[in-house]
Amino acid sequence: MGRWAMMQRWNDVLLMHWPIPASALLPFLPDGLQPDLCQGSAWLGILPFRMDRVKLRGMPALPWLQSFEELHVRTYVRDTHHGTPGVFLLSLETGNAAAAAMSRWLYGLPSHWSEMEQFQRTEREFAFYSRRHFASRPVIFNARYRGLGPTRRLAEPRPGSLAYFFTERYHLFLRTQDGECTRASLHPIPSPLEDAEAEIERNDLPGRLGLRLPAVPPVLHFSRRLAVYVWQRERIYPLRGTQRIPAVAAPSST
């Protein structure tokens with residue numbers, strides 16, 4: 001497995017999820033991946049948050065990469081050969097132009113530089129705005145959201161629950177420029193998950209991808225902190241099982 005290549009911390013994360021037909025996601029996935037299902041459906045997730053403490057292993061902290069907003073559009077997949085669950089990013093908006101270029105170069109992610117702001121209203125209440133730069137037509141996301149506080153039900157999500165399905169993911173699957181499927185191992189260290197409320201004023205992201213959200217409220221969660229350690233990407237085959245990365249392999253996030 002080796003050592004982690006990058007670390008980062010996500011702050012004040014809203015997790016919004018909608019059920020979506022698996023067939024709608026197939027055109028986005030490289031060979032070797034299939035949509036992962038929970039409660040009979042595939043899922044589309046949109047996650048706004050503020051990132052900080054970005055560090056590449058063996059390099060000093062870079063001041064211009066220390067704090068900026070990001071907005072992820074993702075879905076959940078399995079490797080068709082081993083059944084390994086993971087995350088697949090459909091779009092990544094970032095408020096830092098250097099971060100957009102670096103994520104494309106290091107991991108081949110579909111990154112876009114955007115005008116972004118996150119406003120904190122109270123301890124657990126936020127407003128988030130994103131508008132993509134250089135887009136042929138506006139790609140805007142605008143929402144207000146709040147965490148409702150930790151609960152015993154979400155302190156340790158149970159297998160089979162949606163909260164477990166959305167968060168217990170230890171691989172990021174990636175598509176190379178030539179269409180090959182690769183992966184990067186992940187080790188997330190989350191704060192307790194919370195229920196959430198949100199008012200979404202505008203959300204152009206699914207439509208820009210050619211996806212239509214169902215006319216149902218999203219499933220909402222909130223996380224105050226999420227430290228993420230990322231390993232270098234590697235070929236999907238051969239893939240060695242689905243074990244979690246031992247916590248001792250990652251240093252403290254403090």
# chains A, B, ... in the order shown; residues from 1 in each chain; ligands from 1
>>> select_by_dssp(residues="region 96-140 of chain A", states="helix (DSSP H, G or I)", output="ChimeraX atom specification")
/A:97-107
>>> residues_around(residues="Pro150 (chain A)", least_positions_apart="2", cutoff="8 Å", atoms="only C-alpha atoms", output="count of residues only")
8
>>> residues_around(residues="Ala98 (chain A)", least_positions_apart="3", cutoff="9 Å", atoms="only C-alpha atoms", output="PyMOL selection string")
chain A and resi 64-65+101-103+113
>>> residues_around(residues="region 204-221 of chain A", least_positions_apart="2", cutoff="7 Å", atoms="only C-alpha atoms", output="list in words")
Leu14, Leu15, Met16, His17, Trp18, Val139, Ile140, Phe141, Leu193, Glu194, Asp195, Ala196, Glu197, Arg202 and Ser223 of chain A
>>> write_last_selection(atoms="N, CA and C atoms", output="compact mmCIF listing (two decimals), in the first residue's frame")
# COMPACT_ATOMS: atom_id res chain seq x y z
N LEU A 14 -21.87 19.73 3.72
CA LEU A 14 -23.25 19.30 3.49
C LEU A 14 -23.21 18.14 2.51
N LEU A 15 -23.87 17.04 2.86
CA LEU A 15 -23.98 15.89 1.98
C LEU A 15 -25.43 15.79 1.52
N MET A 16 -25.66 16.04 0.24
CA MET A 16 -26.99 15.95 -0.36
C MET A 16 -27.00 14.78 -1.32
N HIS A 17 -28.02 13.93 -1.23
CA HIS A 17 -28.08 12.76 -2.10
C HIS A 17 -29.49 12.55 -2.64
N TRP A 18 -29.53 12.21 -3.92
CA TRP A 18 -30.78 11.91 -4.60
C TRP A 18 -30.71 10.51 -5.22
N VAL A 139 -23.08 27.99 -14.76
CA VAL A 139 -23.16 26.78 -13.93
C VAL A 139 -23.06 27.28 -12.49
N ILE A 140 -24.23 27.40 -11.85
CA ILE A 140 -24.33 28.04 -10.54
C ILE A 140 -24.92 27.07 -9.53
N PHE A 141 -24.37 27.13 -8.31
CA PHE A 141 -24.96 26.43 -7.17
C PHE A 141 -25.08 27.44 -6.04
N LEU A 193 -21.41 12.23 12.10
CA LEU A 193 -22.36 12.68 11.09
C LEU A 193 -23.61 13.21 11.78
N GLU A 194 -24.22 14.25 11.17
CA GLU A 194 -25.43 14.85 11.72
C GLU A 194 -26.53 14.88 10.67
N ASP A 195 -27.79 14.92 11.12
CA ASP A 195 -28.87 15.27 10.21
C ASP A 195 -28.72 16.74 9.83
N ALA A 196 -29.38 17.14 8.73
CA ALA A 196 -29.23 18.51 8.24
C ALA A 196 -30.52 19.01 7.62
N GLU A 197 -30.60 20.31 7.46
CA GLU A 197 -31.65 20.98 6.70
C GLU A 197 -30.98 21.86 5.65
N ARG A 202 -30.51 27.41 -6.19
CA ARG A 202 -30.19 27.11 -7.58
C ARG A 202 -29.15 25.99 -7.63
N SER A 223 -21.41 17.16 8.18
CA SER A 223 -20.22 16.76 8.93
C SER A 223 -19.38 18.01 9.21
>>> residues_around(residues="Met7 (chain A)", least_positions_apart="5", cutoff="10 Å", atoms="only C-alpha atoms", output="MDAnalysis selection string")
chainID A and resid 52:57 186:188 227:231 250:251 253
>>> closest_atom_pairs(of="region 41-64 of chain A", to="region 72-81 of chain A", cutoff="8 Å", atoms="only C-alpha atoms", output="tab-separated table")
residue	atom	partner	partner_atom	distance
A:Ala42	CA	A:Tyr76	CA	7.3
A:Trp43	CA	A:Thr75	CA	5.9
A:Leu44	CA	A:Thr75	CA	4.9
A:Gly45	CA	A:Arg74	CA	5.1
A:Ile46	CA	A:Val73	CA	4.6
A:Leu47	CA	A:His72	CA	5.1
A:Pro48	CA	A:His72	CA	6.5
>>> closest_residue(among="A:Ser23, A:Gln8, A:Thr94, A:Thr151", to="Ala61 (chain A)", atoms="only C-alpha atoms")
A:Gln8
>>> atom_distance(atom1="CA of Pro27 (chain A)", atom2="CA of Leu174 (chain A)")
14.1 Å
>>> residues_around(residues="Asn11 (chain A)", least_positions_apart="4", cutoff="6 Å", atoms="only C-alpha atoms", output="ChimeraX atom specification")
/A:49-50,224-225
>>> atom_distance(atom1="CA of Val13 (chain A)", atom2="CA of Leu26 (chain A)")
26.9 Å
>>> atom_distance(atom1="CA of Phe173 (chain A)", atom2="CA of Gly83 (chain A)")
12.6 Å
>>> select_by_dssp(residues="region 81-184 of chain A", states="strand (DSSP E)", output="number ranges by chain")
A: 85-94, 111-122, 125-132, 140-150, 171-175, 181-184
>>> write_last_selection(atoms="N, CA and C atoms", output="CSV table (one decimal), in the first residue's frame")
chain,number,residue,atom,x,y,z
A,85,PRO,N,-16.2,-1.4,-3.3
A,85,PRO,CA,-17.0,-0.2,-3.3
A,85,PRO,C,-16.1,1.0,-3.3
A,86,GLY,N,-16.6,2.1,-3.9
A,86,GLY,CA,-15.8,3.3,-3.9
A,86,GLY,C,-16.6,4.5,-4.4
A,87,VAL,N,-15.9,5.6,-4.6
A,87,VAL,CA,-16.5,6.9,-5.0
A,87,VAL,C,-16.0,7.2,-6.4
A,88,PHE,N,-16.9,7.8,-7.3
A,88,PHE,CA,-16.5,8.2,-8.6
A,88,PHE,C,-17.0,9.7,-8.7
A,89,LEU,N,-16.1,10.6,-9.0
A,89,LEU,CA,-16.4,12.0,-9.1
A,89,LEU,C,-16.8,12.3,-10.6
A,90,LEU,N,-18.0,12.9,-10.7
A,90,LEU,CA,-18.5,13.4,-12.0
A,90,LEU,C,-18.1,14.8,-12.3
A,91,SER,N,-17.9,15.6,-11.2
A,91,SER,CA,-17.5,17.0,-11.4
A,91,SER,C,-16.9,17.5,-10.1
A,92,LEU,N,-15.9,18.4,-10.2
A,92,LEU,CA,-15.3,19.0,-9.0
A,92,LEU,C,-15.2,20.5,-9.3
A,93,GLU,N,-15.8,21.3,-8.5
A,93,GLU,CA,-15.7,22.8,-8.6
A,93,GLU,C,-14.7,23.2,-7.4
A,94,THR,N,-13.8,24.0,-7.7
A,94,THR,CA,-12.9,24.5,-6.7
A,94,THR,C,-12.7,26.0,-6.8
A,111,SER,N,-11.9,18.7,-12.9
A,111,SER,CA,-11.9,19.9,-12.0
A,111,SER,C,-12.2,21.1,-12.8
A,112,HIS,N,-12.9,22.1,-12.2
A,112,HIS,CA,-13.3,23.3,-12.8
A,112,HIS,C,-13.0,24.5,-11.8
A,113,TRP,N,-12.3,25.5,-12.2
A,113,TRP,CA,-12.1,26.7,-11.4
A,113,TRP,C,-13.4,27.5,-11.4
A,114,SER,N,-13.8,27.9,-10.1
A,114,SER,CA,-15.1,28.6,-10.0
A,114,SER,C,-14.9,29.7,-9.0
A,115,GLU,N,-15.8,30.7,-9.1
A,115,GLU,CA,-16.0,31.7,-8.1
A,115,GLU,C,-16.8,31.0,-6.9
A,116,MET,N,-16.2,31.0,-5.7
A,116,MET,CA,-16.9,30.3,-4.6
A,116,MET,C,-16.8,31.1,-3.3
A,117,GLU,N,-17.8,31.0,-2.5
A,117,GLU,CA,-17.8,31.6,-1.2
A,117,GLU,C,-18.7,30.7,-0.3
A,118,GLN,N,-18.2,30.6,1.0
A,118,GLN,CA,-19.0,30.0,2.0
A,118,GLN,C,-19.1,31.0,3.2
A,119,PHE,N,-20.3,31.3,3.6
A,119,PHE,CA,-20.5,32.2,4.7
A,119,PHE,C,-21.1,31.5,5.9
A,120,GLN,N,-20.4,31.7,7.0
A,120,GLN,CA,-20.9,31.1,8.2
A,120,GLN,C,-21.9,32.0,9.0
A,121,ARG,N,-23.1,31.6,9.2
A,121,ARG,CA,-24.1,32.4,9.8
A,121,ARG,C,-24.2,32.2,11.3
A,122,THR,N,-24.2,30.9,11.7
A,122,THR,CA,-24.1,30.5,13.1
A,122,THR,C,-23.1,29.4,13.2
A,125,GLU,N,-24.6,26.8,10.8
A,125,GLU,CA,-25.5,27.3,9.7
A,125,GLU,C,-24.6,28.0,8.7
A,126,PHE,N,-24.8,27.7,7.4
A,126,PHE,CA,-23.9,28.2,6.4
A,126,PHE,C,-24.7,28.6,5.1
A,127,ALA,N,-24.1,29.5,4.3
A,127,ALA,CA,-24.5,29.8,3.0
A,127,ALA,C,-23.4,29.5,2.0
A,128,PHE,N,-23.7,28.9,0.8
A,128,PHE,CA,-22.6,28.5,-0.1
A,128,PHE,C,-23.0,28.9,-1.5
A,129,TYR,N,-22.1,29.5,-2.2
A,129,TYR,CA,-22.3,30.0,-3.6
A,129,TYR,C,-21.1,29.6,-4.4
A,130,SER,N,-21.5,29.1,-5.7
A,130,SER,CA,-20.5,28.7,-6.6
A,130,SER,C,-20.9,29.1,-8.0
A,131,ARG,N,-20.0,29.7,-8.8
A,131,ARG,CA,-20.3,30.0,-10.2
A,131,ARG,C,-19.0,29.6,-11.0
A,132,ARG,N,-19.1,28.7,-12.0
A,132,ARG,CA,-18.0,28.2,-12.7
A,132,ARG,C,-17.4,29.3,-13.7
A,140,ILE,N,-24.2,27.4,-11.8
A,140,ILE,CA,-24.3,28.0,-10.5
A,140,ILE,C,-24.9,27.1,-9.5
A,141,PHE,N,-24.4,27.1,-8.3
A,141,PHE,CA,-25.0,26.4,-7.2
A,141,PHE,C,-25.1,27.4,-6.0
A,142,ASN,N,-26.3,27.5,-5.4
A,142,ASN,CA,-26.5,28.5,-4.4
A,142,ASN,C,-27.4,27.8,-3.3
A,143,ALA,N,-27.0,27.7,-2.1
A,143,ALA,CA,-27.8,27.0,-1.1
A,143,ALA,C,-27.5,27.6,0.3
A,144,ARG,N,-28.4,27.4,1.2
A,144,ARG,CA,-28.2,27.6,2.7
A,144,ARG,C,-28.4,26.3,3.4
A,145,TYR,N,-27.6,26.0,4.4
A,145,TYR,CA,-27.8,24.7,5.1
A,145,TYR,C,-27.3,24.8,6.5
A,146,ARG,N,-27.8,23.8,7.3
A,146,ARG,CA,-27.4,23.8,8.7
A,146,ARG,C,-27.4,22.4,9.2
A,147,GLY,N,-26.4,22.1,10.1
A,147,GLY,CA,-26.3,20.9,10.8
A,147,GLY,C,-27.2,20.9,12.0
A,148,LEU,N,-27.8,19.8,12.4
A,148,LEU,CA,-28.8,19.7,13.5
A,148,LEU,C,-28.2,19.1,14.7
A,149,GLY,N,-26.9,18.8,14.7
A,149,GLY,CA,-26.3,18.3,15.9
A,149,GLY,C,-26.2,16.8,15.9
A,150,PRO,N,-25.1,16.3,16.6
A,150,PRO,CA,-24.9,14.8,16.6
A,150,PRO,C,-26.0,14.1,17.3
A,171,HIS,N,-12.0,3.9,-1.4
A,171,HIS,CA,-11.3,4.0,-2.7
A,171,HIS,C,-12.0,5.1,-3.6
A,172,LEU,N,-11.2,5.9,-4.3
A,172,LEU,CA,-11.6,6.8,-5.3
A,172,LEU,C,-11.3,6.3,-6.6
A,173,PHE,N,-12.3,6.0,-7.4
A,173,PHE,CA,-12.0,5.4,-8.8
A,173,PHE,C,-11.9,6.6,-9.8
A,174,LEU,N,-11.0,6.5,-10.7
A,174,LEU,CA,-10.7,7.5,-11.6
A,174,LEU,C,-10.6,7.0,-13.1
A,175,ARG,N,-10.9,7.9,-14.0
A,175,ARG,CA,-10.8,7.6,-15.4
A,175,ARG,C,-9.6,8.3,-16.0
A,181,CYS,N,-9.5,2.6,-16.2
A,181,CYS,CA,-9.9,2.8,-14.8
A,181,CYS,C,-8.8,2.6,-13.9
A,182,THR,N,-8.5,3.6,-13.0
A,182,THR,CA,-7.5,3.5,-12.0
A,182,THR,C,-8.2,3.8,-10.6
A,183,ARG,N,-7.5,3.7,-9.5
A,183,ARG,CA,-8.0,4.0,-8.2
A,183,ARG,C,-7.0,4.6,-7.3
A,184,ALA,N,-7.4,5.4,-6.3
A,184,ALA,CA,-6.6,5.9,-5.3
A,184,ALA,C,-7.3,5.5,-4.0
